[in-house]
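Trainee: The following file, entry31.cif, comprises mmCIF, C-alpha atoms:
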data_target
#
loop_
_atom_site.label_atom_id
_atom_site.label_comp_id
_atom_site.auth_asym_id
_atom_site.auth_seq_id
_atom_site.Cartn_x
_atom_site.Cartn_y
_atom_site.Cartn_z
CA MET A 1 -49.13 -179.89 6.27
CA LEU A 2 -52.37 -180.82 4.76
CA GLY A 3 -54.75 -183.24 3.25
CA GLN A 4 -55.02 -182.69 -0.47
CA LYS A 5 -52.78 -179.67 -0.38
CA SER A 6 -50.51 -179.07 2.56
CA TRP A 7 -47.88 -176.81 4.00
CA LYS A 8 -45.08 -177.08 6.55
CA PHE A 9 -42.73 -174.51 8.04
CA GLY A 10 -39.56 -174.16 10.08
CA LYS A 11 -36.02 -175.46 10.46
CA VAL A 12 -37.32 -178.28 12.61
CA GLY A 13 -37.24 -181.48 10.61
CA LYS A 14 -39.89 -180.25 8.17
CA THR A 15 -38.19 -181.83 5.16
CA THR A 16 -37.79 -185.15 6.94
CA CYS A 17 -41.47 -185.02 7.90
CA SER A 18 -42.51 -184.16 4.33
CA ILE A 19 -40.54 -186.96 2.68
CA GLU A 20 -41.13 -189.62 5.32
CA LEU A 21 -44.85 -188.86 5.54
CA ALA A 22 -45.23 -189.02 1.78
CA THR A 23 -43.40 -192.35 1.73
CA ALA A 24 -45.40 -193.79 4.63
CA LEU A 25 -48.70 -192.59 3.14
CA ALA A 26 -47.87 -194.33 -0.13
CA ARG A 27 -46.42 -197.52 1.33
CA HIS A 28 -48.66 -198.22 4.30
CA TYR A 29 -51.94 -196.52 3.36
CA GLY A 30 -51.97 -196.65 -0.44
CA LYS A 31 -52.27 -192.88 -0.77
CA ARG A 32 -51.15 -191.14 -3.94
CA THR A 33 -48.96 -188.28 -2.72
CA LEU A 34 -47.05 -185.44 -4.37
CA VAL A 35 -44.28 -183.56 -2.58
CA VAL A 36 -43.68 -180.06 -3.96
CA ASP A 37 -40.22 -178.83 -2.96
CA LEU A 38 -40.41 -175.04 -2.51
CA ASP A 39 -37.11 -174.59 -0.66
CA PRO A 40 -34.19 -173.20 -2.76
CA GLN A 41 -31.89 -175.49 -0.77
CA ALA A 42 -33.75 -178.40 -2.42
CA SER A 43 -33.33 -180.63 0.64
CA ALA A 44 -36.47 -182.62 -0.10
CA THR A 45 -35.32 -183.11 -3.68
CA PHE A 46 -31.90 -184.44 -2.72
CA TYR A 47 -33.47 -186.65 -0.06
CA VAL A 48 -34.65 -188.90 -2.92
CA MET A 49 -32.75 -187.78 -6.05
CA GLU A 50 -29.04 -188.00 -6.85
CA GLN A 51 -27.28 -184.93 -8.24
CA PRO A 52 -26.78 -186.24 -11.82
CA GLN A 53 -30.43 -187.27 -12.05
CA TRP A 54 -31.53 -183.87 -10.80
CA ASP A 55 -29.20 -182.02 -13.21
CA GLU A 56 -30.71 -183.81 -16.17
CA TRP A 57 -34.27 -183.40 -14.88
CA ARG A 58 -33.84 -179.67 -14.35
CA GLU A 59 -32.52 -179.18 -17.88
CA THR A 60 -35.09 -181.36 -19.66
CA ARG A 61 -38.22 -181.29 -17.49
CA GLY A 62 -38.11 -178.26 -15.20
CA THR A 63 -38.50 -177.49 -11.49
CA THR A 64 -40.63 -175.41 -9.13
CA SER A 65 -38.49 -172.42 -10.11
CA ASN A 66 -39.71 -172.71 -13.71
CA LEU A 67 -43.28 -173.00 -12.46
CA PHE A 68 -43.07 -169.58 -10.81
CA GLU A 69 -41.03 -167.98 -13.58
CA ARG A 70 -43.66 -168.86 -16.15
CA GLN A 71 -46.49 -167.86 -13.80
CA ALA A 72 -48.01 -171.36 -14.16
CA THR A 73 -49.73 -170.42 -17.42
CA HIS A 74 -47.38 -172.08 -19.89
CA PHE A 75 -45.55 -174.51 -17.62
CA PRO A 76 -46.13 -178.23 -18.35
CA LEU A 77 -46.54 -179.21 -14.71
CA ARG A 78 -47.13 -182.93 -15.22
CA HIS A 79 -44.01 -183.10 -17.40
CA ALA A 80 -41.89 -181.78 -14.48
CA ILE A 81 -43.18 -184.25 -11.88
CA VAL A 82 -40.94 -187.22 -11.11
CA THR A 83 -43.44 -190.08 -11.02
CA ASP A 84 -42.83 -192.81 -8.42
CA VAL A 85 -39.53 -191.22 -7.48
CA LEU A 86 -38.51 -194.17 -5.28
CA GLN A 87 -39.20 -196.94 -7.77
CA GLU A 88 -35.52 -197.58 -8.61
CA ARG A 89 -34.55 -198.07 -4.95
CA SER A 90 -37.62 -199.61 -3.36
CA THR A 91 -41.03 -201.15 -3.93
CA VAL A 92 -42.82 -197.96 -2.83
CA PHE A 93 -45.16 -196.61 -5.49
CA GLY A 94 -47.51 -193.64 -5.30
CA PHE A 95 -44.98 -191.03 -4.14
CA ASP A 96 -44.26 -188.34 -6.76
CA LEU A 97 -41.96 -185.33 -6.52
CA LEU A 98 -41.87 -181.87 -8.08
CA PRO A 99 -38.18 -181.00 -7.54
CA SER A 100 -36.77 -177.65 -6.48
CA ASP A 101 -34.02 -175.42 -7.80
CA PRO A 102 -31.66 -172.82 -6.19
CA ASN A 103 -33.08 -170.30 -8.66
CA LEU A 104 -36.16 -170.13 -6.44
CA VAL A 105 -34.23 -167.47 -4.52
CA ASP A 106 -34.60 -165.14 -7.51
CA VAL A 107 -38.25 -166.06 -7.89
CA ASP A 108 -38.91 -164.94 -4.35
CA LEU A 109 -37.53 -161.51 -5.18
CA GLN A 110 -39.83 -161.31 -8.20
CA LEU A 111 -42.84 -162.15 -6.05
CA THR A 112 -42.31 -159.33 -3.57
CA ASP A 113 -45.43 -157.21 -3.05
CA PHE A 114 -47.26 -160.50 -3.56
CA VAL A 115 -47.53 -160.37 -7.32
CA GLY A 116 -48.78 -163.69 -8.64
CA HIS A 117 -49.93 -165.00 -5.26
CA THR A 118 -52.24 -167.61 -6.85
CA ILE A 119 -49.63 -169.35 -9.01
CA LEU A 120 -49.62 -172.55 -6.96
CA LEU A 121 -53.37 -172.45 -6.45
CA ARG A 122 -53.98 -172.41 -10.20
CA SER A 123 -51.34 -175.07 -10.81
CA PHE A 124 -52.76 -177.46 -8.22
CA ASP A 125 -56.27 -177.06 -9.60
CA ALA A 126 -55.09 -178.90 -12.71
CA ILE A 127 -53.70 -181.94 -10.86
CA GLN A 128 -55.39 -182.15 -7.46
CA ASP A 129 -57.79 -184.91 -8.53
CA GLU A 130 -54.78 -187.11 -9.32
CA TYR A 131 -53.55 -187.11 -5.70
CA ASP A 132 -54.88 -187.83 -2.24
CA TYR A 133 -52.36 -185.38 -0.77
CA ILE A 134 -50.14 -182.62 -2.09
CA ILE A 135 -47.47 -181.73 0.47
CA CYS A 136 -45.54 -178.48 0.08
CA ASP A 137 -42.13 -178.45 1.74
CA CYS A 138 -41.57 -174.73 2.28
CA PRO A 139 -38.47 -172.64 2.91
CA PRO A 140 -37.67 -171.83 6.56
CA ASN A 141 -39.04 -168.28 6.36
CA PHE A 142 -42.36 -166.56 5.80
CA ASN A 143 -41.58 -165.31 2.29
CA ALA A 144 -43.66 -164.83 -0.86
CA VAL A 145 -43.24 -168.45 -1.98
CA THR A 146 -44.39 -169.69 1.43
CA LYS A 147 -47.39 -167.37 1.34
CA ASN A 148 -48.16 -168.60 -2.17
CA SER A 149 -48.29 -172.17 -0.88
CA LEU A 150 -50.63 -171.17 1.94
CA TRP A 151 -53.07 -169.70 -0.56
CA ALA A 152 -53.03 -173.05 -2.36
CA SER A 153 -53.46 -175.17 0.78
CA ASP A 154 -56.41 -176.67 2.56
CA ALA A 155 -54.39 -176.83 5.79
CA TYR A 156 -50.93 -176.38 7.25
CA ILE A 157 -48.95 -178.34 9.80
CA VAL A 158 -46.14 -177.07 12.00
CA PRO A 159 -43.33 -179.44 12.98
CA THR A 160 -41.34 -178.24 15.97
CA VAL A 161 -38.39 -179.23 18.13
CA PRO A 162 -39.28 -179.25 21.85
CA ASP A 163 -37.21 -176.32 23.09
CA PHE A 164 -37.91 -172.69 23.99
CA LEU A 165 -36.98 -170.91 20.75
CA PHE A 166 -38.85 -173.25 18.41
CA THR A 167 -41.96 -173.67 20.57
CA HIS A 168 -42.13 -169.90 21.10
CA GLY A 169 -42.23 -169.48 17.33
CA ILE A 170 -45.44 -171.50 16.95
CA GLY A 171 -47.62 -168.66 18.19
CA LEU A 172 -45.78 -166.10 16.07
CA LEU A 173 -46.23 -168.23 12.96
CA ARG A 174 -49.93 -168.76 13.54
CA ARG A 175 -50.44 -165.03 14.03
CA SER A 176 -48.67 -164.38 10.72
CA VAL A 177 -50.94 -166.86 8.94
CA ASN A 178 -54.05 -165.38 10.54
CA LYS A 179 -52.96 -161.88 9.51
CA LEU A 180 -52.39 -163.04 5.94
CA PHE A 181 -55.97 -164.32 5.74
CA ALA A 182 -57.62 -161.62 7.84
CA PRO A 183 -60.85 -160.11 6.40
CA THR A 184 -58.97 -156.83 5.90
CA SER A 185 -56.27 -158.46 3.78
CA PRO A 186 -56.29 -157.04 0.21
CA TYR A 187 -55.71 -160.56 -1.13
CA ARG A 188 -58.49 -162.35 0.76
CA THR A 189 -61.51 -163.38 -1.30
CA PRO A 190 -64.58 -165.49 -0.43
CA THR A 191 -63.39 -168.19 -2.83
CA THR A 192 -59.99 -168.57 -1.14
CA PRO A 193 -60.65 -169.17 2.56
CA ALA A 194 -57.86 -169.49 5.09
CA PRO A 195 -56.20 -172.91 5.35
CA GLY A 196 -57.11 -174.89 8.44
CA PHE A 197 -54.58 -175.60 11.16
CA GLY A 198 -53.74 -179.29 10.81
CA GLY A 199 -51.72 -179.53 13.99
CA ILE A 200 -48.22 -179.61 15.48
CA ILE A 201 -45.77 -182.48 15.08
CA LEU A 202 -43.13 -182.82 17.80
CA THR A 203 -39.89 -183.85 16.10
CA CYS A 204 -36.21 -184.52 16.82
CA ILE A 205 -37.07 -185.62 20.36
CA LYS A 206 -34.19 -186.82 22.49
CA THR A 207 -35.77 -189.37 24.81
CA ASN A 208 -32.91 -189.09 27.33
CA VAL A 209 -33.20 -185.30 27.67
CA LYS A 210 -35.52 -184.29 30.50
CA LEU A 211 -35.96 -180.77 29.12
CA HIS A 212 -37.38 -182.16 25.89
CA ALA A 213 -40.04 -184.06 27.83
CA GLN A 214 -40.94 -180.90 29.74
CA TYR A 215 -41.33 -178.82 26.59
CA CYS A 216 -43.42 -181.56 24.97
CA GLU A 217 -45.83 -181.33 27.89
CA THR A 218 -45.81 -177.53 27.68
CA VAL A 219 -46.72 -177.55 23.99
CA ARG A 220 -49.51 -180.09 24.59
CA TYR A 221 -50.87 -177.89 27.37
CA ASP A 222 -50.62 -174.61 25.43
CA TYR A 223 -52.12 -176.12 22.27
CA SER A 224 -54.52 -178.64 23.71
CA GLY A 225 -55.96 -180.95 21.07
CA GLU A 226 -53.77 -179.48 18.33
CA VAL A 227 -50.63 -181.56 18.89
CA PHE A 228 -50.12 -184.92 17.20
CA LYS A 229 -50.31 -187.78 19.67
CA HIS A 230 -47.41 -189.54 17.94
CA THR A 231 -43.93 -188.01 17.80
CA ILE A 232 -40.63 -188.42 15.93
CA SER A 233 -37.40 -189.21 17.77
CA ASP A 234 -34.01 -187.70 17.03
CA SER A 235 -31.60 -190.15 15.40
CA ILE A 236 -28.45 -190.27 13.28
CA VAL A 237 -30.26 -192.94 11.27
CA VAL A 238 -32.10 -190.17 9.42
CA ALA A 239 -28.83 -188.69 8.15
CA SER A 240 -27.59 -192.03 6.87
CA SER A 241 -30.90 -192.57 5.11
CA VAL A 242 -30.50 -189.27 3.25
CA ASP A 243 -27.01 -190.32 2.16
CA ASN A 244 -28.58 -193.32 0.43
CA TRP A 245 -31.45 -191.32 -1.13
CA LEU A 246 -33.84 -193.78 0.49
CA PRO A 247 -36.33 -192.63 3.16
CA ILE A 248 -36.48 -194.70 6.32
CA SER A 249 -40.12 -195.43 5.56
CA ALA A 250 -39.07 -197.08 2.28
CA ILE A 251 -36.42 -199.43 3.71
CA PRO A 252 -37.71 -202.94 2.87
CA PHE A 253 -36.01 -204.76 5.76
CA PRO A 254 -35.30 -202.24 8.54
CA LYS A 255 -32.79 -203.08 11.25
CA GLY A 256 -32.11 -201.74 14.71
CA TYR A 257 -33.46 -198.24 15.29
CA GLU A 258 -34.72 -198.10 11.70
CA VAL A 259 -37.59 -200.31 12.88
CA ASN A 260 -38.60 -197.82 15.59
CA LEU A 261 -38.40 -194.82 13.30
CA GLN A 262 -40.33 -196.55 10.55
CA GLN A 263 -43.13 -197.32 13.00
CA GLN A 264 -43.11 -193.73 14.27
CA PHE A 265 -43.52 -192.32 10.77
CA LYS A 266 -46.24 -194.86 10.01
CA LYS A 267 -48.21 -193.83 13.11
CA VAL A 268 -47.77 -190.12 12.38
CA ALA A 269 -48.97 -190.73 8.81
CA GLY A 270 -52.05 -192.52 10.08
CA GLU A 271 -52.84 -189.65 12.44
CA PHE A 272 -52.16 -187.21 9.60
CA ILE A 273 -54.91 -188.84 7.54
CA SER A 274 -57.40 -188.52 10.40
CA ARG A 275 -56.52 -184.92 11.26
CA ILE A 276 -56.55 -183.72 7.66
CA HIS A 277 -59.88 -185.40 7.01
CA HIS A 278 -61.35 -183.53 9.97
CA THR A 279 -59.73 -180.24 8.93
CA ARG A 280 -61.05 -180.52 5.40
CA LEU A 281 -64.59 -181.17 6.64
CA LEU A 282 -64.47 -178.03 8.79
CA ARG A 283 -63.13 -176.00 5.89
CA LYS A 284 -65.87 -177.21 3.56
CA GLN A 285 -68.48 -176.27 6.15
CA ALA A 286 -66.96 -172.78 6.46
CA MET A 287 -66.93 -172.35 2.69
CA SER A 288 -70.56 -173.48 2.45
CA GLN A 289 -71.61 -171.08 5.19
CA SER A 290 -69.71 -168.24 3.53
CA SER A 291 -71.42 -168.85 0.18
CA ARG A 292 -74.87 -168.75 1.84
CA THR A 293 -74.19 -165.40 3.52
CA ARG A 294 -72.93 -163.68 0.36
#
Rewrite the structure from the file as C-alpha cells, please.
Mentor:
Amino acid sequence: MLGQKSWKFGKVGKTTCSIELATALARHYGKRTLVVDLDPQASATFYVMEQPQWDEWRETRGTTSNLFERQATHFPLRHAIVTDVLQERSTVFGFDLLPSDPNLVDVDLQLTDFVGHTILLRSFDAIQDEYDYIICDCPPNFNAVTKNSLWASDAYIVPTVPDFLFTHGIGLLRRSVNKLFAPTSPYRTPTTPAPGFGGIILTCIKTNVKLHAQYCETVRYDYSGEVFKHTISDSIVVASSVDNWLPISAIPFPKGYEVNLQQQFKKVAGEFISRIHHTRLLRKQAMSQSSRTR
C-alpha cells in the first residue's frame, strides 16, 4: 500500500485494509488520506457510501471510470472526490474517497497493450500535495488498471490470508511487479522508478486455528523483516460494519470485539506510517543516485 501513493492486491481483505487504514490514519494520526477505488466491484466505495448517494455522485460528479475514459486530461478530479466521506456518520475527518464504477471493466479492455499507463500518475501529480497518503484499492488481478496504479505509486503493500494458496501467491506477485519495472521493460523510464515494497499484512487470522499460526510463522521466516508486526483478526464484526457503511475504526464507542479490532487497525496504521516513511526515503535515495549516473 504506500505512503503518499499506495497500492494493494489480492482477494485477502485488501478492501477492509484500505478503508480501515484510511480511517485509522485520519482519526488516530491526523493524516489526510484519499482512497482511490479501482475495483469494478466498488467494494471500497460501498463500504462507506450508500447506493442512492453513489448513484447521484456517479451521475453528477464522476468516478474512477470517468478518469480513465477521459485519459485524465479533461477530468475534474477534485470535483469527483467525496470529501470527508464519513462526516455524516462519525466525527472522523480527513478521509476522502474517489469512488469506483462497474464500467471500469470496459476501461480495462481499452487499456490493453498498456496504452495510457501514466493516467493515474499524471492525475495524482495534481493532488498529491493535498494528502499525506493516497491509497489505491486495486482489483484482485494483475490487469492494466492495477499496473497503472503501480506506475503511480511510491510503494505497494500485500495483504494476505495465512494459508498455502495465498502465501504462495506473494512470490508470484512480487516477480510480476519486478518484471513490470525491469530495466528491459519498454515502459520503464529513469523518472518513473519502481515502487518500493512496503510489506505484507497478515489478515483474516483465526486465532483458534493452529494452521493459521503455522503459516504466519512461515511467512515471517520467508520474508524476514518485510511482514508487519501487527496483524488483523478474522471477525464477523467486519461484515456488520460494512452493512452500516461505518468502518470499525470510525465507531465512536466500540463494544465487545469492536474494541480489539479497532486497536488492531490503529496499530497497523501506526506501523504503516513508519514503514512507508522508510520506503519513501529509500526510493528518494535510489532516484537521486539514478539522476547522478545519467
Trainee: Residues picked by the PyMOL selection byres ((chain A and resi 91) around 12) here, as an MDAnalysis selection string?
Mentor: chainID A and resid 23 26:28 84:90 92:95 246 249:253
Trainee: Taking the file as shown, what set of residues would the PyMOL selection byres ((chain A and resi 167) around 12) give back, as a ChimeraX atom specification?
Mentor: /A:10-12,158-166,168-174,200-203,212,214-223,227
Trainee: Quick one: residues within 9 Å of Gln264 (chain A), only C-alpha atoms, excluding same-chain residues fewer than 6 positions away - as a list in words?
Mentor: His230, Thr231, Ile232 and Ser233 of chain A
Trainee: I'd like the contact shell of Val105 (chain A) - 9 Å cut-off, all atoms listed in the file, skipping same-chain residues fewer than 2 positions apart - returned as number ranges by chain.
Mentor: A: 39-40, 65, 101-103, 107-109
Trainee: CA of Met49 (chain A) and CA of Ile135 (chain A) are how many Å apart?
Mentor: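 Those two atoms sit 17.2 Å apart.
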Trainee: Could you tell me how far CA of Asp154 (chain A) lies from CA of Trp245 (chain A), in Å and to one decimal?
Mentor: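 If I compute the distance from CA of Asp154 (chain A) to CA of Trp245 (chain A), I get 29.2 Å.
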Trainee: Rounded to one decimal in Å, what is the spacing between CA of Asp234 (chain A) and CA of Lys206 (chain A)?
Mentor: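 Taking CA of Asp234 (chain A) as the start and CA of Lys206 (chain A) as the end point, the length is 5.5 Å.
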Trainee: Which residues are near region 55-59 of chain A? Cut-off 8 Å, all atoms listed in the file, ignore same chain within fewer than 4 positions. Put them as a PyMOL selection string.
Mentor: chain A and resi 51+63+80+101
Trainee: Closest to Gly199 (chain A) among A:Leu261, A:Ile119, A:Ala213, A:Val268, using only C-alpha atoms?
Mentor: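 Under the stated criterion, the closest residue is A:Val268.
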Trainee: Write out as an NGL selection string which residues come within 12 Å of Ser176 (chain A) when counting only C-alpha atoms, dropping same-chain ones fewer than 3 positions away.
Mentor: :A and (141-143 or 146-147 or 150 or 169-173 or 179-182 or 185 or 194)
Trainee: From the list A:Ala44, A:Glu50, A:Lys266, A:Phe124, which residue is nearest Asn244 (chain A) when using only C-alpha atoms?
Mentor: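 Of all the options, A:Glu50 lies closest to Asn244 (chain A).
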Trainee: I need every residue sitting at most 8 Å from the point (-44.3, -164.4, -12.2) (coordinates as in the file, all atoms listed in the file considered), written as a ChimeraX atom specification.
Mentor: /A:68-71,107,110-111,115-116,119
Trainee: Can I get the selection written as an mmCIF file, in the frame of the given file, with C-alpha atoms?
Mentor:
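Saved as again_11.cif:
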data_model
loop_
_atom_site.group_PDB
_atom_site.id
_atom_site.type_symbol
_atom_site.label_atom_id
_atom_site.label_comp_id
_atom_site.auth_asym_id
_atom_site.auth_seq_id
_atom_site.Cartn_x
_atom_site.Cartn_y
_atom_site.Cartn_z
ATOM 1 C CA PHE A 68 -43.070 -169.580 -10.810
ATOM 2 C CA GLU A 69 -41.030 -167.980 -13.580
ATOM 3 C CA ARG A 70 -43.660 -168.860 -16.150
ATOM 4 C CA GLN A 71 -46.490 -167.860 -13.800
ATOM 5 C CA VAL A 107 -38.250 -166.060 -7.890
ATOM 6 C CA GLN A 110 -39.830 -161.310 -8.200
ATOM 7 C CA LEU A 111 -42.840 -162.150 -6.050
ATOM 8 C CA VAL A 115 -47.530 -160.370 -7.320
ATOM 9 C CA GLY A 116 -48.780 -163.690 -8.640
ATOM 10 C CA ILE A 119 -49.630 -169.350 -9.010
#
Trainee: Go through the shown structure with the PyMOL selection byres ((chain A and resi 277) around 12) and write out the matching residues as an mmCIF file with C-alpha atoms, in the coordinates of the input.
Mentor:
data_model
loop_
_atom_site.group_PDB
_atom_site.id
_atom_site.type_symbol
_atom_site.label_atom_id
_atom_site.label_comp_id
_atom_site.auth_asym_id
_atom_site.auth_seq_id
_atom_site.Cartn_x
_atom_site.Cartn_y
_atom_site.Cartn_z
ATOM 1 C CA LEU A 2 -52.370 -180.820 4.760
ATOM 2 C CA GLY A 3 -54.750 -183.240 3.250
ATOM 3 C CA GLN A 4 -55.020 -182.690 -0.470
ATOM 4 C CA LYS A 5 -52.780 -179.670 -0.380
ATOM 5 C CA ASP A 132 -54.880 -187.830 -2.240
ATOM 6 C CA TYR A 133 -52.360 -185.380 -0.770
ATOM 7 C CA ASP A 154 -56.410 -176.670 2.560
ATOM 8 C CA ALA A 155 -54.390 -176.830 5.790
ATOM 9 C CA GLY A 196 -57.110 -174.890 8.440
ATOM 10 C CA PHE A 197 -54.580 -175.600 11.160
ATOM 11 C CA GLY A 198 -53.740 -179.290 10.810
ATOM 12 C CA GLY A 270 -52.050 -192.520 10.080
ATOM 13 C CA GLU A 271 -52.840 -189.650 12.440
ATOM 14 C CA PHE A 272 -52.160 -187.210 9.600
ATOM 15 C CA ILE A 273 -54.910 -188.840 7.540
ATOM 16 C CA SER A 274 -57.400 -188.520 10.400
ATOM 17 C CA ARG A 275 -56.520 -184.920 11.260
ATOM 18 C CA ILE A 276 -56.550 -183.720 7.660
ATOM 19 C CA HIS A 278 -61.350 -183.530 9.970
ATOM 20 C CA THR A 279 -59.730 -180.240 8.930
ATOM 21 C CA ARG A 280 -61.050 -180.520 5.400
ATOM 22 C CA LEU A 281 -64.590 -181.170 6.640
ATOM 23 C CA LEU A 282 -64.470 -178.030 8.790
ATOM 24 C CA ARG A 283 -63.130 -176.000 5.890
ATOM 25 C CA LYS A 284 -65.870 -177.210 3.560
#
Trainee: Identify which of the residues A:Cys136, A:Val242, A:Leu211, A:Val237 lies closest to Gln262 (chain A), counting only C-alpha atoms when measuring atom-to-atom distances.
Mentor: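 Closest to Gln262 (chain A) of all the choices is A:Val237.
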Trainee: Near region 128-131 of chain A, counting only C-alpha atoms, which residues have an atom at most 12 Å away, once you skip same-chain residues fewer than 5 positions from it, shown as a list of chain:residue names?
Mentor: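 Counting only C-alpha atoms, the residues come to A:Gly3, A:Gln4, A:Lys5, A:Ser6, A:Ala22, A:Leu25, A:Ala26, A:Gly30, A:Lys31, A:Arg32, A:Thr33, A:Leu34, A:Val35, A:Leu77, A:Arg78, A:Thr83, A:Gly94, A:Phe95, A:Asp96, A:Leu97, A:Leu120, A:Leu121, A:Arg122, A:Ser123, A:Ala152, A:Ser153, A:Asp154.
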Trainee: Just checking: using only C-alpha atoms, which residue out of A:Cys204, A:Asn260, A:Asp106, A:Thr15 ends up closest to Pro139 (chain A)?
Mentor: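 The shortest atom-to-atom distance to Pro139 (chain A) comes from A:Thr15.
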Trainee: Pick the closest to Ser43 (chain A) from A:Pro76, A:Pro140, A:Gly62, A:Gly225: which is it, counting only C-alpha atoms?
Mentor: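 Of A:Pro76, A:Pro140, A:Gly62, A:Gly225, the one nearest Ser43 (chain A) is A:Pro140, counting only C-alpha atoms.
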